[in-house]
Amino acid sequence: MVRIPERYGSKEEYVHDIFSSIAHRYDFLNTALSFNRDKHWRRFAVSRCGLKPGGKGLDVCCGTGMLALEMARVMGGKGEVVGLDFCENMLARGRENIARSPWGGIVRLVRGNAVDLPFPDHSFDCAVIGFALRNVPDIGKTIREMARVVRPGGRVVSLELSKPGAPVFKQAYYLYFNRIVPILGRLGIGRDGPYSYLPGSLKDFPHQSEIKKLFESEGLRGVCYHELTGGIVSVHEGTVK
Ligand SMILES: C[S@@+](CC[C@H](N)C(=O)[O-])C[C@H]1O[C@@H](n2cnc3c(N)ncnc32)[C@H](O)[C@@H]1O
């Protein structure tokens, strides 16, 4: 269970503070702690978005913009990608990443909340969310908002940590994730806290089969999920009616 320190009024405030404090090390730690698998996972998630050159994609909870940039790469730099996040420090790192990327010219970052997207209905060809359904205050509302802003026939995709099932692999993974990652995270950012939040956030998060049901209950069609790297990560996809 995630225990929210008393000084925070809500999970949302706590999550905002965590990402404000780790933004400067986020990309490095992501790649290091995932043994560089994060790039492969993002590439796979974006491949499920059905984006084409000239299309329009939305990256919800974009953080430092890595999924948004992958969308822009897949579109060959033609079209438009919008990344949205509520944390200014993460967006600031995102702007630096965009400025360095050959595909950055079509990416725009905006500040906003995933549970109340500031976009009209049916305004994107697809919406993706990466490593963030675990963090939002209302998972169902976030999926509903993503489905609302995507045009009929377009995809809603989530890339998220999930719960591996294979016995020995599962035990080894949880030893790493629950015990070693918080220590490495503490070394990486020089203080305790943010990376101790990770294990609890996954424990609280529904199993991938339950997330599939949530996609379906928000009206998405053809919902399925793909377990990657032994199920430590899952990609869910559904099509807007
Ligand atoms: C683990 S990071 C993921 C960043 C990025 N999607 C990636 O693939 O690396 C989670 C991000 O979600 C953002 N976030 C969490 N709750 C949010 C909310 N309710 N609205 C907007 N952004 C939110 C955080 O600020 C953070 O940047």
# chains A, B, ... in the order shown; residues from 1 in each chain; ligands from 1
>>> residues_around(residues="Trp103 (chain A)", least_positions_apart="4", cutoff="8 Å", atoms="only C-alpha atoms", output="short mmCIF file (atom, residue, chain, number, x, y, z; two decimals) with N, CA and C atoms, in the first residue's frame")
data_model
loop_
_atom_site.label_atom_id
_atom_site.label_comp_id
_atom_site.auth_asym_id
_atom_site.auth_seq_id
_atom_site.Cartn_x
_atom_site.Cartn_y
_atom_site.Cartn_z
N LEU A 69 7.85 11.78 -28.31
CA LEU A 69 8.90 11.80 -29.34
C LEU A 69 8.89 10.53 -30.17
N ALA A 72 6.24 10.98 -32.68
CA ALA A 72 6.70 11.89 -33.74
C ALA A 72 7.64 11.16 -34.70
N ARG A 73 8.47 10.26 -34.15
CA ARG A 73 9.40 9.48 -35.00
C ARG A 73 8.61 8.56 -35.94
N GLY A 76 7.29 10.11 -38.84
CA GLY A 76 8.31 10.67 -39.74
C GLY A 76 8.38 12.18 -39.67
N GLY A 77 8.03 12.74 -38.50
CA GLY A 77 8.11 14.20 -38.34
C GLY A 77 6.99 14.94 -39.06
N ILE A 98 12.89 17.56 -26.44
CA ILE A 98 12.29 17.89 -27.73
C ILE A 98 13.23 18.75 -28.58
N VAL A 107 6.20 18.36 -31.94
CA VAL A 107 5.71 18.05 -30.58
C VAL A 107 5.50 19.33 -29.78
#
>>> select_by_dssp(residues="region 29-156 of chain A", states="helix (DSSP H, G or I)", output="VMD selection string")
chain A and resid 29 to 33 37 to 47 66 to 74 88 to 100 104 to 106 139 to 149
>>> closest_residue(among="A:Met66, A:Lys52, A:Glu13, A:Thr142", to="Lys39 (chain A)", atoms="only C-alpha atoms")
A:Met66
>>> residues_around(residues="region 143-160 of chain A", least_positions_apart="3", cutoff="7 Å", atoms="only C-alpha atoms", output="ChimeraX atom specification")
/A:45,49,115-117,119-132,139-140,215,218,233-241
>>> closest_residue(among="A:Lys203, A:Arg111, A:His226, A:His40", to="ligand 1", atoms="only C-alpha atoms and all ligand atoms")
A:Arg111
>>> residues_near_ligand(ligand="ligand 1", cutoff="9 Å", atoms="only C-alpha atoms and all ligand atoms", output="PDB file with N, CA and C atoms, in the first residue's frame")
ATOM      1  N   LYS A  11      -3.424  12.169  -2.875  1.00  0.00           N
ATOM      2  CA  LYS A  11      -2.450  11.391  -3.646  1.00  0.00           C
ATOM      3  C   LYS A  11      -1.899  12.253  -4.792  1.00  0.00           C
ATOM      4  N   GLU A  12      -2.792  13.048  -5.389  1.00  0.00           N
ATOM      5  CA  GLU A  12      -2.400  13.890  -6.523  1.00  0.00           C
ATOM      6  C   GLU A  12      -1.253  14.837  -6.135  1.00  0.00           C
ATOM      7  N   GLU A  13      -1.397  15.471  -4.972  1.00  0.00           N
ATOM      8  CA  GLU A  13      -0.358  16.406  -4.491  1.00  0.00           C
ATOM      9  C   GLU A  13       0.952  15.665  -4.247  1.00  0.00           C
ATOM     10  N   VAL A  15       1.966  12.782  -5.603  1.00  0.00           N
ATOM     11  CA  VAL A  15       2.545  12.360  -6.882  1.00  0.00           C
ATOM     12  C   VAL A  15       3.215  13.556  -7.569  1.00  0.00           C
ATOM     13  N   HIS A  16       2.562  14.703  -7.519  1.00  0.00           N
ATOM     14  CA  HIS A  16       3.117  15.908  -8.141  1.00  0.00           C
ATOM     15  C   HIS A  16       4.463  16.249  -7.515  1.00  0.00           C
ATOM     16  N   ASP A  17       4.530  16.152  -6.205  1.00  0.00           N
ATOM     17  CA  ASP A  17       5.769  16.485  -5.500  1.00  0.00           C
ATOM     18  C   ASP A  17       6.881  15.489  -5.848  1.00  0.00           C
ATOM     19  N   ILE A  18       6.503  14.203  -5.930  1.00  0.00           N
ATOM     20  CA  ILE A  18       7.498  13.177  -6.278  1.00  0.00           C
ATOM     21  C   ILE A  18       8.134  13.506  -7.628  1.00  0.00           C
ATOM     22  N   PHE A  19       7.290  13.760  -8.638  1.00  0.00           N
ATOM     23  CA  PHE A  19       7.856  13.971  -9.973  1.00  0.00           C
ATOM     24  C   PHE A  19       8.567  15.317 -10.083  1.00  0.00           C
ATOM     25  N   SER A  20       8.135  16.304  -9.302  1.00  0.00           N
ATOM     26  CA  SER A  20       8.876  17.575  -9.297  1.00  0.00           C
ATOM     27  C   SER A  20      10.291  17.347  -8.790  1.00  0.00           C
ATOM     28  N   ALA A  23      12.553  14.947 -11.450  1.00  0.00           N
ATOM     29  CA  ALA A  23      12.559  15.242 -12.895  1.00  0.00           C
ATOM     30  C   ALA A  23      13.973  15.259 -13.482  1.00  0.00           C
ATOM     31  N   TYR A  26      15.062  11.631 -13.912  1.00  0.00           N
ATOM     32  CA  TYR A  26      14.037  10.664 -14.321  1.00  0.00           C
ATOM     33  C   TYR A  26      14.483   9.800 -15.509  1.00  0.00           C
ATOM     34  N   ASP A  27      14.929  10.431 -16.591  1.00  0.00           N
ATOM     35  CA  ASP A  27      15.265   9.659 -17.802  1.00  0.00           C
ATOM     36  C   ASP A  27      16.411   8.681 -17.523  1.00  0.00           C
ATOM     37  N   ASN A  30      15.200   5.824 -15.228  1.00  0.00           N
ATOM     38  CA  ASN A  30      14.280   4.952 -15.972  1.00  0.00           C
ATOM     39  C   ASN A  30      15.054   3.932 -16.794  1.00  0.00           C
ATOM     40  N   ASP A  38      13.135   0.188 -21.284  1.00  0.00           N
ATOM     41  CA  ASP A  38      12.073   1.198 -21.408  1.00  0.00           C
ATOM     42  C   ASP A  38      11.889   1.658 -22.856  1.00  0.00           C
ATOM     43  N   ARG A  42       8.382   1.417 -24.918  1.00  0.00           N
ATOM     44  CA  ARG A  42       7.721   2.596 -25.504  1.00  0.00           C
ATOM     45  C   ARG A  42       7.497   2.397 -27.003  1.00  0.00           C
ATOM     46  N   ASP A  59      -0.085  12.336 -25.943  1.00  0.00           N
ATOM     47  CA  ASP A  59       0.634  11.595 -24.907  1.00  0.00           C
ATOM     48  C   ASP A  59       0.192  12.163 -23.556  1.00  0.00           C
ATOM     49  N   VAL A  60      -0.642  11.397 -22.843  1.00  0.00           N
ATOM     50  CA  VAL A  60      -1.188  11.856 -21.556  1.00  0.00           C
ATOM     51  C   VAL A  60      -0.187  11.498 -20.449  1.00  0.00           C
ATOM     52  N   CYS A  61       0.060  12.449 -19.536  1.00  0.00           N
ATOM     53  CA  CYS A  61       1.084  12.271 -18.495  1.00  0.00           C
ATOM     54  C   CYS A  61       2.439  12.047 -19.161  1.00  0.00           C
ATOM     55  N   CYS A  62       2.780  12.945 -20.077  1.00  0.00           N
ATOM     56  CA  CYS A  62       3.938  12.751 -20.964  1.00  0.00           C
ATOM     57  C   CYS A  62       5.270  12.833 -20.244  1.00  0.00           C
ATOM     58  N   GLY A  63       5.314  13.419 -19.045  1.00  0.00           N
ATOM     59  CA  GLY A  63       6.577  13.532 -18.334  1.00  0.00           C
ATOM     60  C   GLY A  63       7.624  14.227 -19.181  1.00  0.00           C
ATOM     61  N   THR A  64       8.754  13.549 -19.414  1.00  0.00           N
ATOM     62  CA  THR A  64       9.864  14.152 -20.165  1.00  0.00           C
ATOM     63  C   THR A  64       9.710  13.952 -21.682  1.00  0.00           C
ATOM     64  N   GLY A  65       8.531  13.502 -22.107  1.00  0.00           N
ATOM     65  CA  GLY A  65       8.193  13.507 -23.533  1.00  0.00           C
ATOM     66  C   GLY A  65       8.685  12.322 -24.353  1.00  0.00           C
ATOM     67  N   MET A  66       9.118  11.237 -23.710  1.00  0.00           N
ATOM     68  CA  MET A  66       9.715  10.148 -24.486  1.00  0.00           C
ATOM     69  C   MET A  66       8.715   9.417 -25.390  1.00  0.00           C
ATOM     70  N   LEU A  67       7.483   9.226 -24.915  1.00  0.00           N
ATOM     71  CA  LEU A  67       6.472   8.595 -25.776  1.00  0.00           C
ATOM     72  C   LEU A  67       6.037   9.560 -26.885  1.00  0.00           C
ATOM     73  N   ALA A  68       5.926  10.827 -26.538  1.00  0.00           N
ATOM     74  CA  ALA A  68       5.537  11.833 -27.536  1.00  0.00           C
ATOM     75  C   ALA A  68       6.565  11.854 -28.669  1.00  0.00           C
ATOM     76  N   GLY A  83       1.809  16.606 -25.907  1.00  0.00           N
ATOM     77  CA  GLY A  83       2.102  15.926 -24.650  1.00  0.00           C
ATOM     78  C   GLY A  83       1.523  16.744 -23.516  1.00  0.00           C
ATOM     79  N   LEU A  84       0.846  16.070 -22.574  1.00  0.00           N
ATOM     80  CA  LEU A  84       0.227  16.785 -21.447  1.00  0.00           C
ATOM     81  C   LEU A  84       0.728  16.201 -20.139  1.00  0.00           C
ATOM     82  N   ASP A  85       1.041  17.076 -19.194  1.00  0.00           N
ATOM     83  CA  ASP A  85       1.466  16.630 -17.866  1.00  0.00           C
ATOM     84  C   ASP A  85       1.158  17.754 -16.879  1.00  0.00           C
ATOM     85  N   PHE A  86       0.968  17.387 -15.590  1.00  0.00           N
ATOM     86  CA  PHE A  86       0.669  18.447 -14.611  1.00  0.00           C
ATOM     87  C   PHE A  86       1.913  18.924 -13.864  1.00  0.00           C
ATOM     88  N   CYS A  87       3.073  18.359 -14.201  1.00  0.00           N
ATOM     89  CA  CYS A  87       4.277  18.699 -13.443  1.00  0.00           C
ATOM     90  C   CYS A  87       5.233  19.543 -14.301  1.00  0.00           C
ATOM     91  N   GLU A  88       5.403  20.791 -13.918  1.00  0.00           N
ATOM     92  CA  GLU A  88       6.207  21.718 -14.717  1.00  0.00           C
ATOM     93  C   GLU A  88       7.666  21.257 -14.835  1.00  0.00           C
ATOM     94  N   ASN A  89       8.233  20.682 -13.768  1.00  0.00           N
ATOM     95  CA  ASN A  89       9.642  20.251 -13.846  1.00  0.00           C
ATOM     96  C   ASN A  89       9.830  19.132 -14.872  1.00  0.00           C
ATOM     97  N   MET A  90       8.853  18.212 -14.941  1.00  0.00           N
ATOM     98  CA  MET A  90       8.938  17.140 -15.939  1.00  0.00           C
ATOM     99  C   MET A  90       8.793  17.751 -17.348  1.00  0.00           C
ATOM    100  N   LEU A  91       7.869  18.683 -17.514  1.00  0.00           N
ATOM    101  CA  LEU A  91       7.680  19.315 -18.821  1.00  0.00           C
ATOM    102  C   LEU A  91       8.940  20.073 -19.249  1.00  0.00           C
ATOM    103  N   ARG A 111       0.505  22.001 -20.086  1.00  0.00           N
ATOM    104  CA  ARG A 111       0.282  21.635 -18.699  1.00  0.00           C
ATOM    105  C   ARG A 111      -1.200  21.374 -18.496  1.00  0.00           C
ATOM    106  N   GLY A 112      -1.517  20.266 -17.845  1.00  0.00           N
ATOM    107  CA  GLY A 112      -2.929  19.963 -17.607  1.00  0.00           C
ATOM    108  C   GLY A 112      -3.072  18.684 -16.810  1.00  0.00           C
ATOM    109  N   ASN A 113      -4.335  18.357 -16.494  1.00  0.00           N
ATOM    110  CA  ASN A 113      -4.594  17.182 -15.668  1.00  0.00           C
ATOM    111  C   ASN A 113      -5.233  16.070 -16.491  1.00  0.00           C
ATOM    112  N   ALA A 114      -4.731  14.846 -16.293  1.00  0.00           N
ATOM    113  CA  ALA A 114      -5.219  13.692 -17.070  1.00  0.00           C
ATOM    114  C   ALA A 114      -6.697  13.412 -16.834  1.00  0.00           C
ATOM    115  N   VAL A 115      -7.220  13.792 -15.670  1.00  0.00           N
ATOM    116  CA  VAL A 115      -8.628  13.477 -15.396  1.00  0.00           C
ATOM    117  C   VAL A 115      -9.583  14.539 -15.945  1.00  0.00           C
ATOM    118  N   ASP A 116      -9.008  15.570 -16.582  1.00  0.00           N
ATOM    119  CA  ASP A 116      -9.851  16.644 -17.127  1.00  0.00           C
ATOM    120  C   ASP A 116      -9.104  17.244 -18.326  1.00  0.00           C
ATOM    121  N   LEU A 117      -9.053  16.488 -19.415  1.00  0.00           N
ATOM    122  CA  LEU A 117      -8.215  16.886 -20.550  1.00  0.00           C
ATOM    123  C   LEU A 117      -8.768  18.145 -21.228  1.00  0.00           C
ATOM    124  N   VAL A 128      -2.115   7.966 -25.885  1.00  0.00           N
ATOM    125  CA  VAL A 128      -1.329   6.971 -25.167  1.00  0.00           C
ATOM    126  C   VAL A 128      -1.004   7.514 -23.775  1.00  0.00           C
ATOM    127  N   ILE A 129      -0.852   6.610 -22.818  1.00  0.00           N
ATOM    128  CA  ILE A 129      -0.429   7.013 -21.480  1.00  0.00           C
ATOM    129  C   ILE A 129       0.644   6.018 -21.035  1.00  0.00           C
ATOM    130  N   GLY A 130       1.774   6.523 -20.524  1.00  0.00           N
ATOM    131  CA  GLY A 130       2.887   5.634 -20.182  1.00  0.00           C
ATOM    132  C   GLY A 130       3.289   5.736 -18.724  1.00  0.00           C
ATOM    133  N   PHE A 131       3.287   4.623 -18.034  1.00  0.00           N
ATOM    134  CA  PHE A 131       3.717   4.541 -16.632  1.00  0.00           C
ATOM    135  C   PHE A 131       3.001   5.572 -15.762  1.00  0.00           C
ATOM    136  N   ALA A 132       1.726   5.756 -16.009  1.00  0.00           N
ATOM    137  CA  ALA A 132       1.042   6.816 -15.272  1.00  0.00           C
ATOM    138  C   ALA A 132      -0.371   6.455 -14.814  1.00  0.00           C
ATOM    139  N   LEU A 133      -0.997   5.420 -15.364  1.00  0.00           N
ATOM    140  CA  LEU A 133      -2.335   5.057 -14.850  1.00  0.00           C
ATOM    141  C   LEU A 133      -2.243   4.743 -13.360  1.00  0.00           C
ATOM    142  N   ARG A 134      -1.074   4.222 -12.940  1.00  0.00           N
ATOM    143  CA  ARG A 134      -0.816   3.915 -11.529  1.00  0.00           C
ATOM    144  C   ARG A 134      -0.833   5.167 -10.653  1.00  0.00           C
ATOM    145  N   ASN A 135      -0.571   6.303 -11.283  1.00  0.00           N
ATOM    146  CA  ASN A 135      -0.362   7.529 -10.514  1.00  0.00           C
ATOM    147  C   ASN A 135      -1.557   8.471 -10.475  1.00  0.00           C
ATOM    148  N   VAL A 136      -2.488   8.298 -11.412  1.00  0.00           N
ATOM    149  CA  VAL A 136      -3.596   9.259 -11.486  1.00  0.00           C
ATOM    150  C   VAL A 136      -4.601   9.002 -10.350  1.00  0.00           C
ATOM    151  N   PRO A 137      -5.365  10.034  -9.971  1.00  0.00           N
ATOM    152  CA  PRO A 137      -6.305   9.850  -8.863  1.00  0.00           C
ATOM    153  C   PRO A 137      -7.512   8.983  -9.230  1.00  0.00           C
ATOM    154  N   ASP A 138      -7.830   8.872 -10.520  1.00  0.00           N
ATOM    155  CA  ASP A 138      -9.016   8.112 -10.931  1.00  0.00           C
ATOM    156  C   ASP A 138      -8.714   7.435 -12.278  1.00  0.00           C
ATOM    157  N   THR A 142      -9.640   8.725 -16.196  1.00  0.00           N
ATOM    158  CA  THR A 142      -8.535   9.015 -17.129  1.00  0.00           C
ATOM    159  C   THR A 142      -8.753   8.277 -18.448  1.00  0.00           C
ATOM    160  N   LEU A 159       0.685   1.958 -21.474  1.00  0.00           N
ATOM    161  CA  LEU A 159       1.895   1.184 -21.154  1.00  0.00           C
ATOM    162  C   LEU A 159       2.089   1.339 -19.653  1.00  0.00           C
ATOM    163  N   GLU A 160       2.123   0.228 -18.942  1.00  0.00           N
ATOM    164  CA  GLU A 160       2.208   0.348 -17.477  1.00  0.00           C
ATOM    165  C   GLU A 160       2.913  -0.856 -16.855  1.00  0.00           C
TER     166      GLU A 160
END
>>> atom_distance(atom1="CA of Glu80 (chain A)", atom2="CA of Arg108 (chain A)")
7.9 Å
>>> closest_residue(among="A:Val74, A:Ala166, A:Leu220, A:Leu161", to="Trp41 (chain A)", atoms="only C-alpha atoms")
A:Leu161
>>> atom_distance(atom1="CA of Ile189 (chain A)", atom2="CA of Lys170 (chain A)")
26.9 Å
>>> residues_around(residues="Leu184 (chain A)", least_positions_apart="4", cutoff="8 Å", atoms="only C-alpha atoms", output="number ranges by chain")
A: 33, 180, 188
>>> write_last_selection(atoms="C-alpha atoms", output="JSON list (two decimals), in the first residue's frame")
[["chain", "number", "residue", "atom", "x", "y", "z"],
["A", 33, "LEU", "CA", 16.58, 0.63, -13.53],
["A", 180, "ILE", "CA", 16.74, -3.13, -4.74],
["A", 188, "GLY", "CA", 20.38, 8.07, -7.89]]
>>> residues_around(residues="Ser209 (chain A)", least_positions_apart="5", cutoff="10 Å", atoms="only C-alpha atoms", output="list in words")
Ser162, Lys163, Leu214, Cys224, Tyr225, Ser234 and His236 of chain A
>>> write_last_selection(atoms="C-alpha atoms", output="PDB file, in the first residue's frame")
ATOM      1  CA  SER A 162       2.135  -4.964 -14.309  1.00  0.00           C
ATOM      2  CA  LYS A 163       2.198  -8.165 -12.291  1.00  0.00           C
ATOM      3  CA  LEU A 214     -11.827  -1.090 -17.078  1.00  0.00           C
ATOM      4  CA  CYS A 224      -6.623  -6.626 -25.419  1.00  0.00           C
ATOM      5  CA  TYR A 225      -3.299  -6.481 -23.655  1.00  0.00           C
ATOM      6  CA  SER A 234       1.733  -4.586 -20.043  1.00  0.00           C
ATOM      7  CA  HIS A 236      -3.396  -2.292 -23.158  1.00  0.00           C
TER       8      HIS A 236
END
>>> closest_residue(among="A:Pro167, A:Pro53, A:Pro199, A:Gly94", to="Pro182 (chain A)", atoms="only C-alpha atoms")
A:Pro199
>>> decode(residues="region 91-102 of chain A", atoms="N, CA and C atoms", output="short mmCIF file (atom, residue, chain, number, x, y, z; two decimals), in the first residue's frame")
data_model
loop_
_atom_site.label_atom_id
_atom_site.label_comp_id
_atom_site.auth_asym_id
_atom_site.auth_seq_id
_atom_site.Cartn_x
_atom_site.Cartn_y
_atom_site.Cartn_z
N LEU A 91 7.87 18.68 -17.51
CA LEU A 91 7.68 19.32 -18.82
C LEU A 91 8.94 20.07 -19.25
N ALA A 92 9.61 20.69 -18.28
CA ALA A 92 10.84 21.45 -18.60
C ALA A 92 11.90 20.50 -19.16
N ARG A 93 12.05 19.31 -18.55
CA ARG A 93 12.99 18.31 -19.10
C ARG A 93 12.52 17.86 -20.47
N GLY A 94 11.20 17.72 -20.60
CA GLY A 94 10.62 17.32 -21.88
C GLY A 94 10.97 18.33 -22.98
N ARG A 95 10.90 19.62 -22.66
CA ARG A 95 11.21 20.64 -23.68
C ARG A 95 12.67 20.52 -24.11
N GLU A 96 13.55 20.19 -23.17
CA GLU A 96 14.97 20.00 -23.53
C GLU A 96 15.12 18.79 -24.46
N ASN A 97 14.42 17.69 -24.13
CA ASN A 97 14.50 16.49 -24.98
C ASN A 97 13.98 16.79 -26.39
N ILE A 98 12.89 17.56 -26.44
CA ILE A 98 12.29 17.89 -27.73
C ILE A 98 13.23 18.75 -28.58
N ALA A 99 13.88 19.70 -27.91
CA ALA A 99 14.79 20.60 -28.63
C ALA A 99 15.96 19.83 -29.23
N ARG A 100 16.34 18.72 -28.60
CA ARG A 100 17.48 17.92 -29.07
C ARG A 100 17.09 16.89 -30.15
N SER A 101 15.78 16.65 -30.30
CA SER A 101 15.35 15.55 -31.17
C SER A 101 15.09 16.01 -32.61
N PRO A 102 15.45 15.17 -33.60
CA PRO A 102 15.15 15.54 -34.99
C PRO A 102 13.65 15.56 -35.28
#
